[in-house]
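**Q** This is the content of model.csv (CSV, C-alpha atoms and all ligand atoms):
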chain,number,residue,atom,x,y,z
A,1,MET,CA,2.4,22.1,-3.1
A,2,ARG,CA,4.4,19.8,-5.4
A,3,LEU,CA,4.3,16.1,-4.4
A,4,LEU,CA,6.5,13.4,-5.8
A,5,VAL,CA,4.8,10.0,-5.6
A,6,THR,CA,6.7,6.8,-6.3
A,7,GLY,CA,4.6,3.9,-7.4
A,8,GLY,CA,1.7,6.1,-8.5
A,9,ALA,CA,0.6,3.6,-11.2
A,10,GLY,CA,0.0,1.0,-8.5
A,11,PHE,CA,-3.1,0.2,-6.4
A,12,ILE,CA,-2.6,2.5,-3.5
A,13,GLY,CA,-0.4,5.1,-5.2
A,14,SER,CA,-3.0,5.7,-7.8
A,15,ALA,CA,-5.7,6.2,-5.1
A,16,VAL,CA,-3.4,8.8,-3.5
A,17,ILE,CA,-3.1,10.6,-6.8
A,18,ARG,CA,-6.8,10.5,-7.7
A,19,GLN,CA,-7.7,12.0,-4.3
A,20,THR,CA,-4.9,14.6,-4.5
A,21,ILE,CA,-5.9,15.8,-7.9
A,22,ALA,CA,-9.6,15.8,-7.1
A,23,GLU,CA,-9.4,17.5,-3.6
A,24,THR,CA,-6.4,19.9,-3.8
A,25,ASP,CA,-4.5,22.2,-6.1
A,26,HIS,CA,-1.3,20.2,-5.7
A,27,VAL,CA,0.9,19.2,-8.6
A,28,VAL,CA,1.8,15.5,-8.6
A,29,VAL,CA,4.9,14.0,-10.2
A,30,ASN,CA,4.3,10.3,-10.5
A,31,VAL,CA,7.5,8.2,-10.8
A,32,ASP,CA,6.8,4.6,-11.7
A,33,ALA,CA,8.7,1.9,-13.5
A,34,LEU,CA,5.4,0.3,-14.8
A,35,THR,CA,6.3,-3.2,-13.8
A,36,TYR,CA,3.7,-5.9,-14.3
A,37,ALA,CA,1.8,-4.3,-11.3
A,38,GLY,CA,1.7,-0.8,-12.6
A,39,ASP,CA,-1.1,0.5,-14.8
A,40,LEU,CA,-1.8,4.1,-15.5
A,41,ARG,CA,-5.4,3.5,-16.3
A,42,ARG,CA,-6.0,3.2,-12.6
A,43,LEU,CA,-5.6,7.0,-12.5
A,44,GLY,CA,-8.7,7.6,-14.5
A,45,SER,CA,-9.3,11.3,-15.3
A,46,ALA,CA,-6.5,12.4,-12.8
A,47,GLY,CA,-4.0,10.9,-15.2
A,48,ALA,CA,-5.0,13.5,-17.8
A,49,SER,CA,-4.9,16.4,-15.5
A,50,PRO,CA,-2.3,19.1,-16.3
A,51,ARG,CA,-1.3,18.9,-12.6
A,52,HIS,CA,-0.2,15.2,-13.1
A,53,HIS,CA,3.2,14.5,-14.6
A,54,PHE,CA,4.2,11.0,-15.2
A,55,VAL,CA,7.9,10.0,-15.3
A,56,HIS,CA,8.6,6.4,-16.4
A,57,LEU,CA,11.6,5.6,-14.2
A,58,ASP,CA,13.0,2.9,-11.9
A,59,ILE,CA,13.7,4.1,-8.4
A,60,CYS,CA,17.1,2.2,-8.6
A,61,ASP,CA,18.2,4.8,-11.2
A,62,GLY,CA,19.9,7.5,-9.1
A,63,LEU,CA,20.8,9.8,-12.0
A,64,GLY,CA,17.2,9.7,-13.3
A,65,LEU,CA,15.9,10.5,-9.8
A,66,HIS,CA,18.4,13.3,-9.5
A,67,ALA,CA,17.1,14.8,-12.8
A,68,VAL,CA,13.4,14.5,-11.7
A,69,LEU,CA,14.0,16.2,-8.3
A,70,ASP,CA,16.0,18.9,-10.0
A,71,ALA,CA,13.3,19.5,-12.7
A,72,HIS,CA,10.2,19.3,-10.5
A,73,ARG,CA,11.4,20.6,-7.1
A,74,PRO,CA,8.9,18.7,-4.9
A,75,ASP,CA,7.9,19.9,-1.4
A,76,ALA,CA,7.3,16.3,-0.3
A,77,VAL,CA,8.0,12.7,-1.4
A,78,MET,CA,5.5,9.9,-0.9
A,79,HIS,CA,7.3,6.6,-1.4
A,80,LEU,CA,5.0,3.7,-2.4
A,81,ALA,CA,7.0,2.0,-5.2
A,82,ALA,CA,7.6,-1.6,-4.2
A,83,GLU,CA,7.4,-5.2,-5.1
A,84,SER,CA,4.3,-6.0,-3.0
A,85,HIS,CA,3.1,-9.6,-3.5
A,86,VAL,CA,4.2,-12.1,-0.8
A,87,ASP,CA,3.8,-15.1,-3.0
A,88,ARG,CA,6.1,-13.6,-5.6
A,89,SER,CA,8.7,-12.8,-2.9
A,90,ILE,CA,8.7,-16.5,-2.0
A,91,ALA,CA,9.1,-17.6,-5.6
A,92,ALA,CA,11.7,-15.0,-6.6
A,93,PRO,CA,13.0,-12.8,-3.8
A,94,ALA,CA,15.7,-10.9,-5.7
A,95,ALA,CA,13.4,-8.3,-7.2
A,96,PHE,CA,12.1,-7.5,-3.7
A,97,ILE,CA,15.7,-6.9,-2.5
A,98,GLN,CA,16.4,-4.8,-5.6
A,99,THR,CA,13.4,-2.5,-5.5
A,100,ASN,CA,12.4,-2.4,-1.9
A,101,VAL,CA,15.9,-2.3,-0.3
A,102,VAL,CA,18.3,-1.0,-3.0
A,103,GLY,CA,15.7,1.2,-4.7
A,104,THR,CA,14.7,2.8,-1.3
A,105,SER,CA,18.3,3.5,-0.5
A,106,VAL,CA,18.9,5.1,-3.9
A,107,LEU,CA,15.8,7.2,-3.5
A,108,LEU,CA,16.7,8.2,0.1
A,109,ASP,CA,20.2,9.2,-1.1
A,110,GLN,CA,18.9,11.4,-3.9
A,111,VAL,CA,16.3,13.0,-1.8
A,112,LEU,CA,18.8,13.7,1.0
A,113,GLY,CA,21.1,15.6,-1.5
A,114,TYR,CA,18.1,17.5,-2.8
A,115,TRP,CA,16.8,18.3,0.7
A,116,GLN,CA,20.2,19.5,2.0
A,117,ALA,CA,20.4,22.0,-0.8
A,118,LEU,CA,17.0,23.6,-0.1
A,119,ALA,CA,16.6,27.0,1.5
A,120,PRO,CA,16.0,26.6,5.3
A,121,VAL,CA,12.2,27.3,5.2
A,122,ALA,CA,11.7,24.8,2.4
A,123,ARG,CA,13.9,22.3,4.3
A,124,ASP,CA,11.8,22.6,7.4
A,125,ARG,CA,8.6,22.1,5.5
A,126,PHE,CA,9.8,19.1,3.5
A,127,ARG,CA,8.6,15.6,4.3
A,128,PHE,CA,9.5,12.1,3.1
A,129,LEU,CA,6.7,9.7,3.7
A,130,HIS,CA,7.9,6.1,3.7
A,131,VAL,CA,5.0,3.7,3.1
A,132,SER,CA,5.4,0.4,4.9
A,133,THR,CA,3.2,-2.5,6.0
A,134,ASP,CA,1.9,-4.3,9.2
A,135,GLU,CA,3.8,-7.4,7.9
A,136,VAL,CA,7.1,-6.1,9.3
A,137,TYR,CA,5.8,-6.9,12.8
A,138,GLY,CA,5.3,-10.6,12.0
A,139,SER,CA,2.6,-12.8,13.3
A,140,ILE,CA,0.9,-11.4,16.5
A,141,ASP,CA,-0.8,-13.9,18.9
A,142,PRO,CA,-4.3,-12.8,20.1
A,143,PRO,CA,-5.3,-10.7,21.9
A,144,ALA,CA,-2.1,-8.6,21.4
A,145,ARG,CA,-1.9,-5.9,18.8
A,146,ALA,CA,1.3,-4.4,17.4
A,147,ASN,CA,1.7,-0.7,18.5
A,148,ASP,CA,3.5,1.9,16.4
A,149,ASP,CA,6.8,1.2,18.0
A,150,CYS,CA,6.5,-2.6,18.2
A,151,SER,CA,9.7,-4.6,17.5
A,152,TYR,CA,10.1,-6.1,14.0
A,153,GLN,CA,9.8,-9.8,13.3
A,154,PRO,CA,9.4,-10.1,9.5
A,155,ASN,CA,8.8,-13.6,8.2
A,156,SER,CA,8.4,-13.5,4.4
A,157,PRO,CA,11.0,-12.1,2.0
A,158,TYR,CA,8.5,-9.4,1.2
A,159,ALA,CA,8.2,-8.4,4.9
A,160,ALA,CA,11.9,-8.6,5.4
A,161,SER,CA,12.6,-6.4,2.4
A,162,LYS,CA,10.1,-3.8,3.7
A,163,ALA,CA,11.5,-4.0,7.2
A,164,ALA,CA,15.0,-3.4,5.7
A,165,SER,CA,13.7,-0.3,3.9
A,166,ASP,CA,12.1,1.0,7.1
A,167,HIS,CA,15.4,0.7,8.8
A,168,LEU,CA,17.1,2.6,6.0
A,169,ALA,CA,14.5,5.4,6.2
A,170,ARG,CA,14.9,5.6,10.0
A,171,ALA,CA,18.7,5.8,9.6
A,172,TRP,CA,18.5,8.6,7.0
A,173,HIS,CA,16.4,10.5,9.6
A,174,ARG,CA,18.5,9.8,12.6
A,175,THR,CA,21.9,10.3,10.8
A,176,TRP,CA,21.2,13.3,8.6
A,177,GLY,CA,17.9,14.6,9.9
A,178,LEU,CA,15.9,13.9,6.7
A,179,PRO,CA,12.3,14.5,7.8
A,180,VAL,CA,11.0,11.0,7.4
A,181,VAL,CA,7.5,9.8,8.5
A,182,THR,CA,6.8,6.1,8.2
A,183,SER,CA,3.4,4.4,7.9
A,184,HIS,CA,2.5,0.8,8.5
A,185,GLY,CA,-0.7,0.1,6.7
A,186,SER,CA,-2.8,-3.1,7.1
A,187,ASN,CA,-4.2,-5.4,4.3
A,188,THR,CA,-5.7,-3.1,1.8
A,189,TYR,CA,-8.5,-3.8,-0.6
A,190,GLY,CA,-10.7,-2.0,-3.1
A,191,PRO,CA,-11.3,-1.6,-6.8
A,192,HIS,CA,-8.3,-1.6,-9.2
A,193,GLN,CA,-6.2,-4.1,-7.2
A,194,HIS,CA,-4.0,-6.4,-9.2
A,195,VAL,CA,-5.7,-9.8,-9.8
A,196,GLU,CA,-2.9,-11.7,-8.0
A,197,LYS,CA,-4.2,-10.4,-4.6
A,198,LEU,CA,-6.6,-12.4,-2.5
A,199,ILE,CA,-9.9,-10.5,-3.0
A,200,PRO,CA,-9.7,-9.8,-6.8
A,201,ARG,CA,-8.3,-13.2,-7.4
A,202,MET,CA,-11.2,-14.9,-5.6
A,203,ILE,CA,-13.7,-12.7,-7.5
A,204,ALA,CA,-12.1,-13.6,-10.9
A,205,ARG,CA,-12.0,-17.3,-10.1
A,206,ALA,CA,-15.5,-17.6,-8.9
A,207,ALA,CA,-16.9,-15.5,-11.7
A,208,ALA,CA,-15.3,-17.8,-14.2
A,209,GLY,CA,-16.6,-20.9,-12.4
A,210,GLN,CA,-13.1,-21.9,-11.3
A,211,PRO,CA,-11.8,-23.1,-7.9
A,212,MET,CA,-11.3,-20.4,-5.3
A,213,PRO,CA,-8.0,-21.6,-3.7
A,214,VAL,CA,-7.7,-20.8,0.0
A,215,TYR,CA,-4.4,-21.5,1.7
A,216,GLY,CA,-4.5,-24.3,4.4
A,217,SER,CA,-7.5,-24.0,6.7
A,218,GLY,CA,-8.1,-20.3,5.9
A,219,GLU,CA,-7.8,-19.4,9.5
A,220,ASN,CA,-5.1,-16.8,8.9
A,221,VAL,CA,-6.4,-13.4,10.2
A,222,ARG,CA,-5.8,-10.1,8.5
A,223,GLU,CA,-7.0,-6.5,9.4
A,224,TRP,CA,-8.8,-5.0,6.4
A,225,LEU,CA,-8.4,-1.4,5.2
A,226,HIS,CA,-10.2,0.2,2.2
A,227,VAL,CA,-7.8,1.7,-0.3
A,228,GLU,CA,-9.5,5.1,-0.1
A,229,ASP,CA,-9.1,5.2,3.7
A,230,HIS,CA,-5.5,4.1,3.3
A,231,ALA,CA,-4.8,6.9,0.7
A,232,ARG,CA,-6.5,9.5,3.0
A,233,ALA,CA,-4.2,8.4,5.9
A,234,LEU,CA,-1.1,8.7,3.8
A,235,ARG,CA,-2.1,12.2,2.7
A,236,LEU,CA,-2.7,13.2,6.3
A,237,LEU,CA,0.7,11.8,7.3
A,238,VAL,CA,2.6,13.7,4.7
A,239,ASP,CA,0.8,16.9,5.8
A,240,ARG,CA,0.9,16.4,9.6
A,241,GLY,CA,3.0,13.4,10.6
A,242,VAL,CA,5.8,14.1,12.9
A,243,PRO,CA,9.3,13.5,11.4
A,244,GLY,CA,11.0,10.5,13.0
A,245,ARG,CA,7.6,8.9,14.0
A,246,SER,CA,5.9,5.8,12.7
A,247,TYR,CA,2.1,5.5,12.4
A,248,ASN,CA,0.1,2.3,12.2
A,249,VAL,CA,-2.9,2.6,9.8
A,250,GLY,CA,-5.4,0.0,10.6
A,251,THR,CA,-9.1,-0.5,11.2
A,252,GLY,CA,-9.2,-3.1,13.9
A,253,ASP,CA,-11.5,-5.1,11.6
A,254,GLU,CA,-9.9,-8.5,11.8
A,255,ARG,CA,-11.2,-11.3,9.6
A,256,ALA,CA,-10.1,-14.9,8.8
A,257,ASN,CA,-9.3,-15.4,5.1
A,258,ILE,CA,-11.9,-18.1,4.8
A,259,ASP,CA,-14.6,-15.7,6.1
A,260,VAL,CA,-13.6,-13.1,3.6
A,261,VAL,CA,-13.8,-15.7,0.8
A,262,ARG,CA,-17.2,-16.9,2.0
A,263,GLN,CA,-18.4,-13.3,2.0
A,264,ILE,CA,-17.2,-12.8,-1.6
A,265,ALA,CA,-19.1,-15.9,-2.6
A,266,ALA,CA,-22.3,-14.6,-0.9
A,267,VAL,CA,-22.0,-11.2,-2.6
A,268,LEU,CA,-21.6,-13.0,-5.9
A,269,ASP,CA,-24.7,-15.0,-5.2
A,270,GLU,CA,-26.6,-11.7,-4.9
A,271,LEU,CA,-25.1,-10.2,-8.0
A,272,ARG,CA,-25.2,-13.4,-10.1
A,273,PRO,CA,-27.9,-15.6,-8.7
A,274,ALA,CA,-28.0,-17.9,-11.7
A,275,ALA,CA,-24.5,-19.2,-10.8
A,276,ALA,CA,-25.2,-19.6,-7.0
A,277,PRO,CA,-24.0,-20.9,-4.7
A,278,HIS,CA,-20.5,-19.6,-5.5
A,279,ALA,CA,-19.2,-21.1,-2.2
A,280,ARG,CA,-19.1,-24.5,-4.0
A,281,PHE,CA,-15.9,-23.2,-5.7
A,282,ILE,CA,-14.0,-22.8,-2.4
A,283,THR,CA,-11.2,-25.3,-2.1
A,284,SER,CA,-8.3,-25.7,0.3
A,285,VAL,CA,-4.7,-25.8,-1.1
A,286,ALA,CA,-1.3,-26.4,0.5
A,287,ASP,CA,-0.5,-23.6,2.9
A,288,ARG,CA,1.8,-20.7,1.9
A,289,LEU,CA,5.4,-21.3,3.2
A,290,GLY,CA,6.0,-19.5,6.5
A,291,HIS,CA,2.4,-18.2,6.4
A,292,ASP,CA,1.8,-15.6,9.2
A,293,ARG,CA,-1.2,-16.5,11.3
A,294,ARG,CA,-2.4,-13.1,12.3
A,295,TYR,CA,-1.6,-9.4,11.7
A,296,ALA,CA,-3.2,-7.0,14.1
A,297,MET,CA,-2.2,-3.4,15.0
A,298,ASP,CA,-3.1,-0.8,17.5
A,299,ALA,CA,-3.6,2.4,15.4
A,300,ASP,CA,-4.2,4.8,18.3
A,301,ARG,CA,-1.5,7.2,17.4
A,302,ILE,CA,-2.9,8.3,14.0
A,303,ARG,CA,-6.4,8.4,15.5
A,304,THR,CA,-5.7,10.4,18.6
A,305,GLU,CA,-2.9,12.6,17.3
A,306,LEU,CA,-4.1,13.3,13.8
A,307,GLY,CA,-7.8,12.5,14.0
A,308,TRP,CA,-7.8,9.9,11.2
A,309,THR,CA,-10.7,7.4,11.2
A,310,PRO,CA,-11.6,4.9,8.5
A,311,ASN,CA,-14.8,5.8,6.6
A,312,VAL,CA,-15.5,2.6,4.7
A,313,ALA,CA,-17.0,-0.3,6.7
A,314,PHE,CA,-15.8,-3.7,5.4
A,315,ASN,CA,-19.2,-5.1,4.4
A,316,GLU,CA,-20.1,-2.2,2.2
A,317,GLY,CA,-16.5,-1.8,0.9
A,318,LEU,CA,-16.4,-5.5,-0.1
A,319,ARG,CA,-19.8,-5.4,-1.8
A,320,GLU,CA,-18.8,-2.4,-3.9
A,321,THR,CA,-15.4,-3.9,-4.6
A,322,VAL,CA,-16.9,-7.1,-5.9
A,323,ARG,CA,-19.3,-5.1,-8.1
A,324,LEU,CA,-16.7,-2.8,-9.5
A,325,THR,CA,-14.1,-5.6,-9.9
A,326,LEU,CA,-16.5,-7.7,-11.9
A,327,ALA,CA,-17.1,-4.7,-14.2
A,328,GLN,CA,-13.4,-3.9,-14.5
A,329,GLN,CA,-12.5,-7.6,-15.2
A,330,ALA,CA,-15.2,-7.8,-17.9
A,331,GLU,CA,-13.9,-4.6,-19.5
A,332,ALA,CA,-10.3,-5.9,-19.5
A,333,ARG,CA,-11.4,-9.1,-21.4
A,401,LIG,N1,-1.6,-3.6,-0.8
A,401,LIG,C1,-1.5,-3.7,0.5
A,401,LIG,O1,-2.3,-4.4,1.2
A,401,LIG,C2,-0.5,-2.9,1.3
A,401,LIG,C3,-0.6,-2.7,2.7
A,401,LIG,C4,0.3,-2.0,3.4
A,401,LIG,C5,1.4,-1.4,2.7
A,401,LIG,N2,1.5,-1.5,1.4
A,401,LIG,C6,2.6,-0.8,0.7
A,401,LIG,O2,2.1,0.2,0.0
A,401,LIG,C7,2.9,0.4,-1.2
A,401,LIG,C8,2.0,0.3,-2.4
A,401,LIG,O3,1.4,-1.0,-2.5
A,401,LIG,P1,0.4,-1.4,-3.7
A,401,LIG,O4,-0.5,-2.5,-3.1
A,401,LIG,O5,-0.2,-0.2,-4.3
A,401,LIG,O6,1.5,-2.1,-4.7
A,401,LIG,P2,1.3,-2.3,-6.2
A,401,LIG,O7,2.1,-3.6,-6.4
A,401,LIG,O8,-0.1,-2.3,-6.7
A,401,LIG,O9,2.1,-1.1,-6.9
A,401,LIG,C9,3.4,-0.9,-6.8
A,401,LIG,C10,3.8,0.1,-7.9
A,401,LIG,O10,5.2,0.3,-7.8
A,401,LIG,C11,5.8,0.3,-9.1
A,401,LIG,N3,7.2,-0.2,-9.0
A,401,LIG,C12,7.6,-1.4,-8.7
A,401,LIG,N4,9.0,-1.4,-8.7
A,401,LIG,C13,9.4,-0.2,-9.1
A,401,LIG,C14,10.6,0.4,-9.2
A,401,LIG,N5,11.8,-0.3,-9.1
A,401,LIG,N6,10.7,1.7,-9.6
A,401,LIG,C15,9.6,2.4,-9.8
A,401,LIG,N7,8.4,1.9,-9.6
A,401,LIG,C16,8.2,0.6,-9.3
A,401,LIG,C17,4.9,-0.6,-9.9
A,401,LIG,O11,5.0,-0.4,-11.3
A,401,LIG,C18,3.5,-0.3,-9.3
A,401,LIG,O12,2.9,0.7,-10.1
A,401,LIG,C19,4.0,-0.6,-1.2
A,401,LIG,O13,5.1,0.0,-0.6
A,401,LIG,C20,3.5,-1.7,-0.2
A,401,LIG,O14,4.5,-2.3,0.4
A,401,LIG,C21,0.6,-2.2,0.7
Output the file's structure in the form of structure tokens.

**A**
Amino acid sequence: MRLLVTGGAGFIGSAVIRQTIAETDHVVVNVDALTYAGDLRRLGSAGASPRHHFVHLDICDGLGLHAVLDAHRPDAVMHLAAESHVDRSIAAPAAFIQTNVVGTSVLLDQVLGYWQALAPVARDRFRFLHVSTDEVYGSIDPPARANDDCSYQPNSPYAASKAASDHLARAWHRTWGLPVVTSHGSNTYGPHQHVEKLIPRMIARAAAGQPMPVYGSGENVREWLHVEDHARALRLLVDRGVPGRSYNVGTGDERANIDVVRQIAAVLDELRPAAAPHARFITSVADRLGHDRRYAMDADRIRTELGWTPNVAFNEGLRETVRLTLAQQAEAR
């Protein structure tokens, strides 16, 4: 099988490629613009595999995509390239509209032309996995959980740009029959995440003896998913997801941000007892604009229809993430 992965130098895309190269015979074409968020070192030894082909390309470049599709003839596309940080979308939304909305439409257009020209058997087998987020559903009041077909109420520019891209992917399926499968993943964590995101940022700050800034009261609740579990779900969806369907990918493991930050401090106390207690670095800062209170999904469809279950429990996953992130951040200095 030949897979085209967009955003394969990013946090989740690189995990998809590492797993694919390690566990299958597939060939992977990795299309990534290498923005500030992209780093090919995340691929480790998979990056040097003869089955990994890197193409430095912006998904807004239609001619470039056309040439890549023509040269590599993929059997499936996994679309992860995106601007992904909510705070940046509040500071400067234009890049989010450009990559997440315009870029997705350019990619869909090119893939549609490629798919329409395939032989019937190859066309039937082809899949376009559109990777989205739980943030499109907006803030969900407890005890409710968003199911796979929940209506959209995106509140940040990031969430709105992802919601727009979901609608485009749906339209390319409904209008032309492009076999699109959509995933909605929850807050993802693990080693190799960019330092701007909550968990690596808190680790870096506390390890440097600097304040660990928590938005507002820290009561905002997120559902945490380990990056290896997320990558496994995406690989399952590209193999067995039903075209036209959306699948939530969540663990049900809800935690308030303040509890996650306290837990990071506790793990650091164990790993670096001389600097304990790290919780003394936790400080409250002005809340994020429009900060969603709670994300929570019902992920029954992927569990019951496809048999996916997360393997990594949060407590173990977080401990390992803190340990590896400290090592990675030390290496980068
Ligand atoms: N991280 C999460 O918690 C999470 C949760 C659910 C869904 N998602 C979604 O998963 C996908 C991957 O997220 P991530 O956390 O790995 O993001 P990331 O920011 O770590 O990686 C994004 C990658 O896309 C590349 N990229 C950005 N703009 C591009 C463009 N115009 N053309 C080509 N490449 C471009 C970057 O260079 C980078 O390698 C995104 O679509 C995101 O919305 C993320």

**Q** Please build the interface table for chain A against ligand LIG 401 (chain A) with a cut-off of 6 Å, listing for each qualifying residue the nearest atom pair and the distance in Å to one decimal; count all atoms listed in the file, order rows by chain and increasing number, and write it as a Markdown table.

**A**
| residue | atom | partner | partner_atom | distance |
| --- | --- | --- | --- | --- |
| A:Gly7 | CA | A:LIG401 | O10 | 3.7 |
| A:Gly8 | CA | A:LIG401 | O12 | 5.8 |
| A:Ala9 | CA | A:LIG401 | O12 | 3.9 |
| A:Gly10 | CA | A:LIG401 | O12 | 3.3 |
| A:Phe11 | CA | A:LIG401 | O5 | 3.6 |
| A:Ile12 | CA | A:LIG401 | O5 | 3.7 |
| A:Gly13 | CA | A:LIG401 | O5 | 5.4 |
| A:Asp32 | CA | A:LIG401 | N7 | 3.8 |
| A:Ala33 | CA | A:LIG401 | C15 | 3.8 |
| A:Leu34 | CA | A:LIG401 | O11 | 3.6 |
| A:Thr35 | CA | A:LIG401 | O11 | 4.0 |
| A:Ala37 | CA | A:LIG401 | C18 | 4.8 |
| A:Gly38 | CA | A:LIG401 | O12 | 3.2 |
| A:Leu57 | CA | A:LIG401 | C15 | 5.8 |
| A:Asp58 | CA | A:LIG401 | N6 | 3.5 |
| A:Ile59 | CA | A:LIG401 | N6 | 4.0 |
| A:Cys60 | CA | A:LIG401 | N5 | 5.9 |
| A:Leu80 | CA | A:LIG401 | C7 | 4.1 |
| A:Ala81 | CA | A:LIG401 | O10 | 3.6 |
| A:Ala82 | CA | A:LIG401 | C12 | 4.5 |
| A:Glu83 | CA | A:LIG401 | C12 | 5.2 |
| A:Ser84 | CA | A:LIG401 | O7 | 4.7 |
| A:Thr99 | CA | A:LIG401 | N5 | 4.5 |
| A:Val131 | CA | A:LIG401 | O13 | 5.2 |
| A:Ser132 | CA | A:LIG401 | C5 | 4.9 |
| A:Thr133 | CA | A:LIG401 | C5 | 3.9 |
| A:Gly185 | CA | A:LIG401 | C4 | 4.0 |
| A:Ser186 | CA | A:LIG401 | C3 | 4.9 |
| A:Asn187 | CA | A:LIG401 | O1 | 3.8 |
| A:Thr188 | CA | A:LIG401 | O1 | 3.7 |

**Q** Could you write those residues out with C-alpha atoms, as a tab-separated table (two decimals), keeping the file's coordinate frame?

**A**
chain	number	residue	atom	x	y	z
A	7	GLY	CA	4.60	3.90	-7.40
A	8	GLY	CA	1.70	6.10	-8.50
A	9	ALA	CA	0.60	3.60	-11.20
A	10	GLY	CA	0.00	1.00	-8.50
A	11	PHE	CA	-3.10	0.20	-6.40
A	12	ILE	CA	-2.60	2.50	-3.50
A	13	GLY	CA	-0.40	5.10	-5.20
A	32	ASP	CA	6.80	4.60	-11.70
A	33	ALA	CA	8.70	1.90	-13.50
A	34	LEU	CA	5.40	0.30	-14.80
A	35	THR	CA	6.30	-3.20	-13.80
A	37	ALA	CA	1.80	-4.30	-11.30
A	38	GLY	CA	1.70	-0.80	-12.60
A	57	LEU	CA	11.60	5.60	-14.20
A	58	ASP	CA	13.00	2.90	-11.90
A	59	ILE	CA	13.70	4.10	-8.40
A	60	CYS	CA	17.10	2.20	-8.60
A	80	LEU	CA	5.00	3.70	-2.40
A	81	ALA	CA	7.00	2.00	-5.20
A	82	ALA	CA	7.60	-1.60	-4.20
A	83	GLU	CA	7.40	-5.20	-5.10
A	84	SER	CA	4.30	-6.00	-3.00
A	99	THR	CA	13.40	-2.50	-5.50
A	131	VAL	CA	5.00	3.70	3.10
A	132	SER	CA	5.40	0.40	4.90
A	133	THR	CA	3.20	-2.50	6.00
A	185	GLY	CA	-0.70	0.10	6.70
A	186	SER	CA	-2.80	-3.10	7.10
A	187	ASN	CA	-4.20	-5.40	4.30
A	188	THR	CA	-5.70	-3.10	1.80

**Q** How many Å separate CA of His192 in chain A from CA of Thr251 in chain A?

**A**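 It comes out at 20.4 Å.
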
**Q** Just give me the gap between CA of Ala164 in chain A and CA of Leu3 in chain A in Å, one decimal is fine.

**A**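 Rounded to one decimal, the two atoms are 24.4 Å apart.
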
**Q** As number ranges by chain, please: the residues near Leu4 in chain A (cut-off 7 Å, all atoms listed in the file, same-chain neighbours under 6 positions excluded).

**A** A: 28-30, 74, 76-78

**Q** Which is closest to Leu65 in chain A among A:Asp109, A:His52, A:Val101, A:Phe96, if we use only C-alpha atoms?

**A** A:Asp109

**Q** Using only C-alpha atoms, determine which residues lie at most 9 Å from range 295-306 of chain A, disregarding the query and same-chain residues fewer than 2 positions distant; provide the list as a ChimeraX atom specification.

**A** /A:134-135,137-148,186-187,220-223,233,236-237,240-241,246-254,292-293,308-309

**Q** Could you tell me how far CA of His184 in chain A lies from CA of Pro154 in chain A, in Å and to one decimal?

**A** 12.9 Å

**Q** My list of candidates is A:Ala95, A:Leu108, A:Ile282, A:Ala276. Which is closest to Thr6 in chain A when distances are computed with all atoms listed in the file?

**A**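 Using all atoms listed in the file, Thr6 in chain A sits closest to A:Leu108.
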
**Q** Would you please work out which residue, of A:Asn315, A:Leu178, A:Ala207, A:Val242, is nearest to Leu118 in chain A when using only C-alpha atoms?

**A**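 Going through A:Asn315, A:Leu178, A:Ala207, A:Val242 one by one, the smallest distance to Leu118 in chain A is for A:Leu178.
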
**Q** Taking only C-alpha atoms into account, which of A:Ala327, A:Val227, A:Val267, A:Met212 comes nearest Ile17 in chain A?

**A**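 The closest residue to Ile17 in chain A is A:Val227.
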
**Q** Go through A:Arg319, A:His79, A:Arg294, A:Arg272 and flag the residue nearest His226 in chain A, using all atoms listed in the file for the distances.

**A**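 Of all the options, A:Arg319 lies closest to His226 in chain A.
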
**Q** Using only C-alpha atoms, can you list as a list in words the residues within 6 Å of (-8.5, -18.9, 4.3)?

**A** Val214, Tyr215, Ser217, Gly218, Glu219, Asn257 and Ile258 of chain A

**Q** Can you tell me which residues surround range 196-203 of chain A at a distance of at most 7 Å, considering all atoms listed in the file, apart from same-chain residues fewer than 2 positions away, and format the answer as a PDB file with C-alpha atoms, keeping the file's coordinate frame?

**A**
ATOM      1  CA  GLN A 193      -6.200  -4.100  -7.200  1.00  0.00           C
ATOM      2  CA  HIS A 194      -4.000  -6.400  -9.200  1.00  0.00           C
ATOM      3  CA  ARG A 205     -12.000 -17.300 -10.100  1.00  0.00           C
ATOM      4  CA  ALA A 206     -15.500 -17.600  -8.900  1.00  0.00           C
ATOM      5  CA  ALA A 207     -16.900 -15.500 -11.700  1.00  0.00           C
ATOM      6  CA  MET A 212     -11.300 -20.400  -5.300  1.00  0.00           C
ATOM      7  CA  VAL A 261     -13.800 -15.700   0.800  1.00  0.00           C
ATOM      8  CA  ILE A 264     -17.200 -12.800  -1.600  1.00  0.00           C
ATOM      9  CA  VAL A 322     -16.900  -7.100  -5.900  1.00  0.00           C
ATOM     10  CA  THR A 325     -14.100  -5.600  -9.900  1.00  0.00           C
TER      11      THR A 325
END

**Q** How would you write as a ChimeraX atom specification the residues that get within 9 Å of (-3.3, 13.5, -1.2) in the file's frame, counting only C-alpha atoms?

**A** /A:3,15-24,26,231-236,238-239

**Q** Rank nothing, just name the residue among A:Ala332, A:Leu318, A:Val106, A:Leu324 nearest to Gly64 in chain A, using all atoms listed in the file.

**A**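 Selected residue with least distance to Gly64 in chain A: A:Val106.
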